[in-house]
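Listing of entry.txt; format and content: compact mmCIF, C-alpha atoms.
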# COMPACT_ATOMS: atom_id res chain seq x y z
CA MET W 1 53.04 -24.73 45.32
CA LYS W 2 53.69 -27.88 47.31
CA GLN W 3 51.64 -30.84 48.44
CA ILE W 4 52.37 -31.92 51.99
CA ILE W 5 51.34 -35.50 52.77
CA ALA W 6 51.67 -36.46 56.41
CA ILE W 7 50.89 -39.79 58.02
CA ILE W 8 50.16 -39.32 61.72
CA ARG W 9 48.81 -41.21 64.73
CA ASP W 10 45.04 -41.43 64.99
CA GLU W 11 45.04 -40.09 68.54
CA ARG W 12 47.05 -36.99 67.59
CA VAL W 13 44.59 -35.62 65.06
CA GLU W 14 43.03 -33.07 67.41
CA GLU W 15 46.42 -31.70 68.52
CA THR W 16 47.47 -31.45 64.89
CA LYS W 17 44.29 -29.60 63.92
CA THR W 18 44.86 -27.09 66.73
CA ALA W 19 48.51 -26.63 65.78
CA LEU W 20 47.66 -26.01 62.14
CA GLU W 21 44.88 -23.61 63.09
CA THR W 22 47.33 -21.64 65.25
CA ILE W 23 49.66 -21.00 62.33
CA GLY W 24 46.73 -20.16 60.06
CA VAL W 25 46.45 -23.20 57.83
CA GLY W 26 42.89 -23.39 56.61
CA GLY W 27 42.64 -26.17 54.09
CA VAL W 28 43.43 -29.66 55.27
CA THR W 29 42.12 -32.99 54.01
CA PHE W 30 42.07 -35.92 56.44
CA LEU W 31 41.90 -39.51 55.24
CA TYR W 32 41.45 -42.67 57.24
CA VAL W 33 44.25 -45.00 56.19
CA THR W 34 46.11 -47.97 57.54
CA GLY W 35 49.83 -48.16 57.41
CA ARG W 36 53.04 -49.57 58.70
CA GLY W 37 56.70 -48.72 58.74
CA GLN W 38 59.84 -50.77 58.72
CA GLN W 39 58.77 -52.25 62.09
CA LYS W 40 55.71 -53.82 60.42
CA GLY W 41 53.22 -52.28 62.80
CA THR W 42 54.87 -52.93 66.12
CA VAL W 43 53.28 -51.57 69.29
CA SER W 44 54.70 -51.90 72.77
CA ALA W 45 52.58 -53.12 75.68
CA ARG W 46 53.11 -49.72 77.31
CA GLU W 47 51.43 -47.99 74.39
CA LEU W 48 48.56 -50.43 74.29
CA GLY W 49 47.97 -49.87 77.98
CA GLY W 50 44.46 -50.71 79.10
CA THR W 51 43.20 -51.52 75.62
CA LEU W 52 44.93 -54.87 75.75
CA ASN W 53 42.75 -57.35 77.57
CA ARG W 54 44.05 -60.51 79.06
CA ASN W 55 42.55 -63.00 76.61
CA PHE W 56 43.83 -61.00 73.70
CA ARG W 57 47.28 -60.91 75.25
CA MET W 58 47.21 -64.69 75.52
CA GLN W 59 46.27 -65.01 71.86
CA LEU W 60 49.06 -62.71 70.83
CA THR W 61 51.81 -64.49 72.69
CA GLY W 62 50.37 -67.99 72.64
CA THR W 63 51.35 -68.45 76.25
CA GLU W 64 49.28 -69.17 79.29
CA CYS W 65 48.97 -66.36 81.78
CA ALA W 66 50.51 -67.06 85.14
CA THR W 67 47.81 -67.21 87.79
CA THR W 68 47.58 -66.56 91.48
CA PRO W 69 44.89 -68.16 93.67
CA ASP W 70 42.32 -65.69 95.00
CA SER W 71 40.55 -65.82 98.34
CA SER W 72 37.54 -67.83 97.06
CA GLY W 73 39.73 -70.60 95.71
CA GLY W 74 39.56 -69.45 92.06
CA GLU W 75 42.47 -68.18 90.08
CA ILE W 76 43.21 -64.68 88.88
CA PRO W 77 45.52 -64.34 85.90
CA ARG W 78 48.63 -62.45 86.88
CA ASP W 79 49.95 -59.84 84.50
CA VAL W 80 52.95 -61.36 82.81
CA PHE W 81 53.61 -58.53 80.40
CA SER W 82 56.40 -56.08 80.84
CA PRO W 83 55.80 -52.63 79.32
CA GLU W 84 58.67 -53.22 76.93
CA MET W 85 57.10 -56.26 75.27
CA GLU W 86 56.21 -55.63 71.67
CA PHE W 87 53.42 -56.99 69.51
CA THR W 88 53.27 -56.88 65.75
CA PHE W 89 49.91 -56.12 64.16
CA GLY W 90 50.81 -55.35 60.57
CA PHE W 91 48.76 -52.43 59.33
CA LEU W 92 47.71 -49.98 62.03
CA PRO W 93 45.03 -47.31 61.74
CA LYS W 94 46.60 -43.95 60.87
CA ARG W 95 45.39 -40.63 59.58
CA MET W 96 46.70 -39.07 56.37
CA LEU W 97 46.78 -35.29 56.06
CA ILE W 98 46.98 -33.57 52.72
CA ILE W 99 47.78 -29.86 52.65
CA ILE W 100 48.46 -27.79 49.56
CA ALA W 101 50.56 -24.77 50.50
CA TYR W 102 52.76 -22.03 49.11
CA ASP W 103 56.46 -22.91 48.99
CA ASP W 104 57.26 -20.47 51.83
CA ASP W 105 54.65 -21.97 54.15
CA VAL W 106 56.01 -25.51 53.94
CA GLU W 107 58.64 -25.08 56.66
CA PRO W 108 56.28 -23.79 59.41
CA ILE W 109 53.65 -26.40 58.54
CA VAL W 110 56.19 -29.23 58.80
CA GLN W 111 57.38 -27.78 62.12
CA ALA W 112 53.82 -27.60 63.46
CA ILE W 113 53.04 -31.18 62.45
CA VAL W 114 56.29 -32.47 63.96
CA THR W 115 55.74 -30.61 67.23
CA ALA W 116 52.16 -31.83 67.57
CA ASN W 117 52.98 -35.46 66.77
CA GLN W 118 56.40 -36.23 68.16
CA THR W 119 56.37 -38.84 70.92
CA GLY W 120 59.79 -40.30 70.16
CA ARG W 121 58.41 -43.80 69.72
CA HIS W 122 58.17 -45.80 66.51
CA GLY W 123 55.02 -45.02 64.58
CA ASP W 124 55.05 -41.24 64.87
CA GLY W 125 54.67 -41.03 61.11
CA ARG W 126 56.23 -39.29 58.14
CA ILE W 127 55.87 -36.11 56.19
CA PHE W 128 56.41 -36.03 52.44
CA ILE W 129 56.76 -32.87 50.38
CA CYS W 130 55.74 -33.25 46.75
CA PRO W 131 55.58 -30.69 43.95
CA MET W 132 52.10 -29.53 42.94
CA ILE W 133 51.63 -27.89 39.57
CA SER W 134 48.37 -26.03 39.95
CA ALA W 135 45.16 -25.66 41.93
CA ILE W 136 41.71 -24.60 40.82
CA ARG W 137 38.97 -23.30 43.09
CA VAL W 138 35.80 -25.02 41.93
CA ARG W 139 33.48 -22.26 43.16
CA THR W 140 35.06 -19.40 41.20
CA GLY W 141 37.36 -21.09 38.71
CA GLU W 142 40.43 -19.21 40.04
CA GLN W 143 43.68 -20.92 39.13
CA GLY W 144 47.17 -21.28 40.55
CA ASP W 145 48.26 -19.36 43.66
CA LYS W 146 45.00 -17.38 43.73
CA ALA W 147 43.06 -20.59 44.36
CA LEU W 148 44.86 -21.05 47.69
CA SER W 149 44.47 -17.57 49.14
CA MET L 1 62.95 -40.24 46.19
CA LYS L 2 59.70 -41.24 44.50
CA MET L 3 56.16 -41.80 45.66
CA ILE L 4 54.40 -44.81 44.19
CA TRP L 5 50.59 -44.92 44.18
CA ALA L 6 49.34 -48.33 43.16
CA VAL L 7 45.65 -49.03 42.60
CA ILE L 8 45.15 -52.77 42.77
CA ARG L 9 42.45 -55.37 43.29
CA PRO L 10 41.57 -55.81 46.98
CA GLU L 11 42.05 -59.57 46.63
CA SER L 12 45.62 -59.19 45.41
CA ALA L 13 46.62 -56.61 48.05
CA GLN L 14 47.87 -59.13 50.57
CA ARG L 15 49.99 -60.90 47.95
CA VAL L 16 51.59 -57.63 46.90
CA ILE L 17 52.26 -56.61 50.50
CA THR L 18 53.86 -59.95 51.35
CA ALA L 19 56.07 -59.80 48.27
CA LEU L 20 57.16 -56.22 49.01
CA ASP L 21 57.84 -57.26 52.55
CA SER L 22 60.17 -60.07 51.57
CA ALA L 23 61.97 -57.67 49.23
CA GLY L 24 62.71 -55.42 52.21
CA ILE L 25 60.16 -52.72 51.41
CA GLY L 26 58.41 -52.50 54.74
CA GLY L 27 56.85 -49.07 54.97
CA MET L 28 53.59 -48.42 53.20
CA THR L 29 50.17 -46.84 53.60
CA ARG L 30 46.96 -48.50 52.53
CA LEU L 31 43.72 -46.82 51.46
CA HIS L 32 40.35 -48.28 50.55
CA VAL L 33 39.12 -46.49 47.45
CA THR L 34 36.55 -46.95 44.73
CA GLY L 35 36.88 -46.11 41.10
CA HIS L 36 36.74 -47.21 37.52
CA GLY L 37 38.94 -47.11 34.47
CA ARG L 38 38.47 -46.41 30.79
CA GLU L 39 35.84 -49.14 30.62
CA MET L 40 33.59 -46.92 32.80
CA GLY L 41 32.85 -49.70 35.26
CA ILE L 42 31.16 -53.01 34.65
CA THR L 43 27.64 -54.13 33.84
CA LEU L 44 26.39 -57.22 35.59
CA GLY L 45 22.96 -58.21 34.36
CA SER L 46 20.93 -55.02 34.21
CA VAL L 47 23.00 -53.16 36.81
CA HIS L 48 25.87 -50.88 35.85
CA TYR L 49 28.57 -50.44 38.49
CA THR L 50 30.91 -47.44 38.30
CA GLU L 51 32.32 -47.49 41.82
CA ILE L 52 34.37 -50.64 41.98
CA PRO L 53 36.22 -51.23 45.26
CA LYS L 54 39.99 -51.09 44.92
CA GLU L 55 42.91 -50.98 47.26
CA MET L 56 45.44 -48.16 46.98
CA LEU L 57 48.98 -48.53 48.26
CA MET L 58 51.22 -45.52 48.83
CA ILE L 59 54.91 -46.34 49.04
CA VAL L 60 57.84 -43.94 49.12
CA VAL L 61 61.16 -45.42 48.02
CA PRO L 62 64.60 -44.14 47.03
CA ASP L 63 65.08 -43.64 43.28
CA ASN L 64 67.13 -46.81 42.86
CA GLU L 65 64.35 -49.01 44.29
CA VAL L 66 61.52 -47.69 42.10
CA ALA L 67 62.02 -50.22 39.29
CA LYS L 68 62.16 -53.13 41.73
CA THR L 69 59.04 -51.98 43.60
CA VAL L 70 57.03 -51.43 40.43
CA MET L 71 58.09 -54.83 39.09
CA ILE L 72 56.99 -56.58 42.31
CA ILE L 73 53.59 -54.86 42.26
CA ARG L 74 53.14 -55.68 38.57
CA THR L 75 54.01 -59.33 39.01
CA GLU L 76 51.83 -59.85 42.07
CA ALA L 77 48.81 -57.74 41.13
CA LYS L 78 48.44 -59.19 37.65
CA THR L 79 45.72 -61.82 37.45
CA GLY L 80 46.30 -65.15 35.79
CA ALA L 81 49.17 -67.57 36.09
CA LYS L 82 52.15 -66.05 37.85
CA ASN L 83 55.13 -65.15 35.63
CA SER L 84 53.15 -66.01 32.50
CA PRO L 85 53.92 -63.59 29.67
CA GLU L 86 50.21 -63.18 28.95
CA GLU L 87 48.29 -60.06 29.82
CA GLY L 88 46.21 -59.93 32.98
CA THR L 89 42.54 -58.93 33.08
CA ILE L 90 40.87 -55.54 32.79
CA GLY L 91 40.72 -54.05 36.28
CA ASP L 92 44.08 -55.28 37.53
CA GLY L 93 44.94 -51.69 38.36
CA LYS L 94 47.48 -49.00 37.65
CA ILE L 95 50.72 -47.78 39.17
CA PHE L 96 51.58 -44.09 39.32
CA VAL L 97 55.01 -42.71 40.22
CA THR L 98 55.46 -39.10 41.34
CA TYR L 99 58.24 -36.99 42.79
CA VAL L 100 58.94 -36.48 46.47
CA GLU L 101 61.16 -33.50 47.14
CA ASP L 102 61.62 -33.95 50.84
CA SER L 103 60.65 -36.37 53.57
CA PHE L 104 60.73 -36.13 57.36
CA ALA L 105 60.40 -38.75 60.05
CA ILE L 106 58.26 -37.19 62.78
CA ARG L 107 59.86 -39.33 65.52
CA THR L 108 63.32 -37.88 64.99
CA ALA L 109 62.24 -34.73 63.12
CA GLY L 110 65.19 -35.56 60.88
CA LYS L 111 65.26 -35.69 57.16
CA THR L 112 65.15 -39.19 55.76
CA LEU L 113 66.44 -40.35 52.45
CA GLY L 114 64.02 -43.10 51.63
CA MET L 115 63.09 -45.79 54.07
CA SER L 116 66.40 -47.53 54.62
CA ASN L 117 68.14 -45.04 56.89
CA ALA L 118 65.10 -43.94 58.87
Structure translated into structure tokens:
Amino acid sequence: MKQIIAIIRDERVEETKTALETIGVGGVTFLYVTGRGQQKGTVSARELGGTLNRNFRMQLTGTECATTPDSSGGEIPRDVFSPEMEFTFGFLPKRMLIIIAYDDDVEPIVQAIVTANQTGRHGDGRIFICPMISAIRVRTGEQGDKALS
Amino acid sequence: MKMIWAVIRPESAQRVITALDSAGIGGMTRLHVTGHGREMGITLGSVHYTEIPKEMLMIVVPDNEVAKTVMIIRTEAKTGAKNSPEEGTIGDGKIFVTYVEDSFAIRTAGKTLGMSNA
């Protein structure tokens, strides 16, 4: 019996649920967590997309936005951010999945989680496989492998 | 590879994180939890509290970094004067270390040995 702990992106939870359902994984526990990797919670402007408003961008970089005069004589801030610019937030909201599975089922579950979550960018998450000694079904008191079936 | 679960006071979480950071341990997951220890909570006035807010940190490190990580958490999460040999206070928390058999980085789908070569 193994415990699979996966840290995934918040926005990929639905895809992951579907993927796990497809391969017949019933029991999953989801936890709201925050986390960071070696990049200390770095997100690129491309990823932030529309969620990054102009004032917030100015706070992050500490620089004034370049402006262009509009027709009424006022000024419109011009977007000075390239999609490659990166911002560091520290801990980012993530979702933690905990699945207890038979040894033989670990490989397909890991595959399903990887397929559903891989974007190729930093922050895709990690999967850890830990040993689990026993399980007990509270309803019936069944122990060990029987508690999972 | 080992998984370290540390239950610490919320107010010392930032100190621990900063210290781990400067020691090169960057990757970690943070959970807000509640709980109590052997003392079964605390009684303040006539109210007995059993669900005390704590912060839980989950860190996976290679075997040779476990001692260093645990020592950093211990030093920073203990209340009282820093580096004093005296004990901290009840409720400073606990550190648990468990096995990790395998770990995968989803981005590369490759196996990772600890955090350093991810």
Item to check | Long-range neighbours of W:Met96 as an MDAnalysis selection string, 6 Å cut-off, only C-alpha atoms, 5 positions minimum in chain | outcome: chainID W and resid 6:7 30:31
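Excluding W:Ala112 itself and any same-chain residue fewer than 4 positions from it, the protein and nucleic acid residues within 8 Å of it, counting only C-alpha atoms, are W:Thr16, W:Ala19, W:Leu20, W:Ile23, W:Pro108, W:Ala116.
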Next on the checklist: Taking only C-alpha atoms into account, find every residue of chain W that has an atom no more than 7 Å from chain L, and write it out as a VMD selection string.
Outcome noted: chain W and resid 33 to 38 40 114 117 to 122 124 to 131
Item to check | Distance of atom CA of W:Leu97 from atom CA of L:Ala19, expressed in Å to one decimal place | outcome: 27.3 Å
Checklist entry - Hey, can you check how far atom CA of W:Leu148 sits from atom CA of W:Ala135? => result 7.4 Å
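Taking atom CA of W:Ser134 as the reference point, atom CA of L:Val33 is found at 23.7 Å.
When the distance limit is 9 Å and all atoms listed in the file are what count, the residues near L:Gly91, minus those fewer than 4 positions from it on the same chain, are Ile8, Arg9, His36, Gly37 and Glu39 of chain L.
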